[in-house]
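A.B. asks: Can you read through this structure? Questions will come right after.
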Number of protein chains: 2
Amino acid sequence: MRLSNPRDVGYYVRDQRREQGMTQSDLCAAAEVSRRWLSDLESGKQTAEIGLVFKVLHALRLTLVANPTTYGPDDLDLDEYLRRFDHNDAGDADHA
Amino acid sequence: MRLSNPRDVGYYVRDQRREQGMTQSDLCAAAEVSRRWLSDLESGKQTAEIGLVFKVLHALRLTLVANPTTYGPDDLDLDEYLRRFDHNDAGDADHA
DNA sequence: GCCATTTGCGCGCGTACATGCACATGGACG
DNA sequence: CGTCCATGTGCATGTACGCGCGCAAATGGC
């Protein structure tokens with residue numbers, strides 16, 4: 001999952017937390033941050049402290065990898081792509 | 001390049017900046033952050049603002065990718081491994 | 001619908017962050 | 001050697017961050 005900005009980070013953290021069946025209370029305890037802050041982080045807080053972000057990522061057993069930005073087939077995360085596709089279909093169904 | 005903590009981030013940013021032939025002044029201007037802050041970031045500042053970190057990463061044309069932490073051959077970055085090996089050899093040479 | 005749980009967010013507090021300035025230091029170069 | 005450049009870091013300032021509390025709104029299960 002590519003993360004381009006704090007918003008991406010926050011949404012991804014929320015997704016992963018839910019996938020792992022955790023509440024914010026569970027995760028903030030595991031990461032040793034305040035629930036208030038975690039809520040903000042998940043909403044895309046621009047000014048979050050990076051050290052705390054890493055604590056959350058570790059609590060979720062997530063790893064960050066940095067790479068030179070490239071544009072091509074390697075950038076295509078198939079699961080992500082299909083998920084986006086399915087989401088768009090669901091959106092169309094709602095509007096139809 | 002795996003980034004586990006702000007220290008990793010800072011050192012990686014410094015490495016990449018140098019590889020790209022930039023000074024801190026060049027990079028802080030490109031990223032629109034203070035040079036003072038960039039210097040701290042490169043030293044591993046725990047409390048840096050994540051939004052600003054992303055600005056620096058973008059200025060260096062770097063991308064972050066988040067993955068579940070796994071342990072196995074996939075985690076083996078060969079360049080990184082060799083660099084660590086070389087570094088250890090250099091370390092041994094110093095101590096010998 | 002009811003109820004319990006979860007989440008968003010206002011608020012105040014003590015601490016500190018990003019900034020810009022300036023200076024010291026180390027390294028490169030002529 | 002002297003000069004220049006890049007970098008580390010002390011300092012002061014205005015702004016705000018992480019925390020904890022508490023309450024309202026949202027969500028999910030029955």
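FYI, nothing fancy with the structure tokens labels: chains A, B, ... in order, residues from 1 per chain, ligands from 1 as they appear.
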Taking only residues of chain B that have an atom at most 12 Å from an atom of chain D, what is each one's shortest atom pair and its distance in Å to one decimal, using only C-alpha atoms (C1' of nucleotides), in chain and number order, as a tab-separated table?
C.D. replies:
residue	atom	partner	partner_atom	distance
B:Arg14	CA	D:DT7	C1'	11.8
B:Arg18	CA	D:DA6	C1'	11.8
B:Met22	CA	D:DA6	C1'	10.6
B:Thr23	CA	D:DA6	C1'	7.2
B:Gln24	CA	D:DA6	C1'	8.0
B:Ser25	CA	D:DA6	C1'	8.7
B:Asp26	CA	D:DA6	C1'	11.0
B:Arg35	CA	D:DT7	C1'	9.8
B:Arg36	CA	D:DT9	C1'	8.8
B:Trp37	CA	D:DT9	C1'	11.1
B:Leu38	CA	D:DT7	C1'	10.8
B:Ser39	CA	D:DG8	C1'	7.6
B:Asp40	CA	D:DG8	C1'	9.0
B:Glu42	CA	D:DT7	C1'	11.1
B:Ser43	CA	D:DG8	C1'	9.9
B:Thr47	CA	D:DC17	C1'	10.0
B:Ala48	CA	D:DC17	C1'	11.1
B:Glu49	CA	D:DC17	C1'	9.9
A.B. asks: Write the selection just made, keeping N, CA and C atoms, as a short mmCIF file (atom, residue, chain, number, x, y, z; two decimals), in the first residue's frame?
C.D. replies:
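Resulting contents of result.cif:
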data_model
loop_
_atom_site.label_atom_id
_atom_site.label_comp_id
_atom_site.auth_asym_id
_atom_site.auth_seq_id
_atom_site.Cartn_x
_atom_site.Cartn_y
_atom_site.Cartn_z
N ARG B 14 19.20 11.43 4.43
CA ARG B 14 20.55 11.98 4.24
C ARG B 14 21.28 11.25 3.11
N ARG B 18 22.40 12.98 -0.47
CA ARG B 18 23.79 13.00 -0.94
C ARG B 18 23.91 12.31 -2.29
N MET B 22 22.60 16.80 -3.53
CA MET B 22 21.98 18.01 -2.98
C MET B 22 22.59 18.35 -1.63
N THR B 23 22.61 19.66 -1.33
CA THR B 23 22.96 20.10 0.01
C THR B 23 21.67 20.19 0.82
N GLN B 24 21.82 20.36 2.13
CA GLN B 24 20.63 20.55 2.95
C GLN B 24 19.88 21.80 2.48
N SER B 25 20.63 22.83 2.08
CA SER B 25 19.98 24.06 1.62
C SER B 25 19.13 23.80 0.38
N ASP B 26 19.68 23.01 -0.55
CA ASP B 26 18.91 22.67 -1.75
C ASP B 26 17.61 21.97 -1.37
N ARG B 35 15.99 24.66 7.10
CA ARG B 35 17.20 23.86 7.10
C ARG B 35 17.49 23.32 8.50
N ARG B 36 17.15 24.14 9.50
CA ARG B 36 17.37 23.73 10.88
C ARG B 36 16.64 22.41 11.14
N TRP B 37 15.41 22.37 10.69
CA TRP B 37 14.57 21.18 10.91
C TRP B 37 15.10 19.99 10.11
N LEU B 38 15.49 20.26 8.89
CA LEU B 38 16.00 19.18 8.04
C LEU B 38 17.24 18.53 8.68
N SER B 39 18.09 19.36 9.23
CA SER B 39 19.28 18.84 9.89
C SER B 39 18.88 17.92 11.05
N ASP B 40 17.91 18.34 11.82
CA ASP B 40 17.41 17.49 12.91
C ASP B 40 16.80 16.20 12.36
N GLU B 42 17.45 14.60 9.67
CA GLU B 42 18.48 13.69 9.19
C GLU B 42 19.22 13.02 10.34
N SER B 43 19.16 13.63 11.51
CA SER B 43 19.80 13.03 12.68
C SER B 43 18.86 12.10 13.43
N THR B 47 10.38 13.58 16.91
CA THR B 47 9.15 14.37 17.04
C THR B 47 8.86 15.21 15.81
N ALA B 48 9.46 14.83 14.71
CA ALA B 48 9.21 15.57 13.48
C ALA B 48 7.77 15.38 13.02
N GLU B 49 7.25 16.42 12.39
CA GLU B 49 5.88 16.46 11.90
C GLU B 49 5.79 15.65 10.60
#
A.B. asks: Could you please tell me, as a PyMOL selection string, which residues of chain A have an atom within 10 Å of chain B when using only C-alpha atoms?
C.D. replies: chain A and resi 1-7+9+12-13+16+44-55+57-58+60-70
A.B. asks: So the first atom is atom CA of B:Ser34 and the second is atom CA of B:Ala59; what is the distance between them in Å, to one decimal place?
C.D. replies: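 It comes out at 13.6 Å.
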A.B. asks: Counting only C-alpha atoms (C1' of nucleotides), which residues of chain C sit at most 9 Å from some atom of chain B, and what is each one's closest atom pair with its distance in Å to one decimal, listed by chain and rising residue number, as JSON lines?
C.D. replies:
{"residue": "C:DC17", "atom": "C1'", "partner": "B:Thr47", "partner_atom": "CA", "distance": 8.0}
{"residue": "C:DA18", "atom": "C1'", "partner": "B:Trp37", "partner_atom": "CA", "distance": 6.8}
{"residue": "C:DT19", "atom": "C1'", "partner": "B:Ser34", "partner_atom": "CA", "distance": 6.4}
{"residue": "C:DG20", "atom": "C1'", "partner": "B:Ser34", "partner_atom": "CA", "distance": 8.2}
A.B. asks: Just the selected residues (C-alpha atoms (C1' of nucleotides)), exported as a PDB file, in the first residue's frame, please.
C.D. replies:
ATOM      1  C1'  DC C  17       8.013  22.263  17.729  1.00  0.00           C
ATOM      2  C1'  DA C  18       9.311  24.726  13.230  1.00  0.00           C
ATOM      3  C1'  DT C  19      11.398  28.716  12.129  1.00  0.00           C
ATOM      4  C1'  DG C  20      15.130  32.037  11.360  1.00  0.00           C
TER       5       DG C  20
END
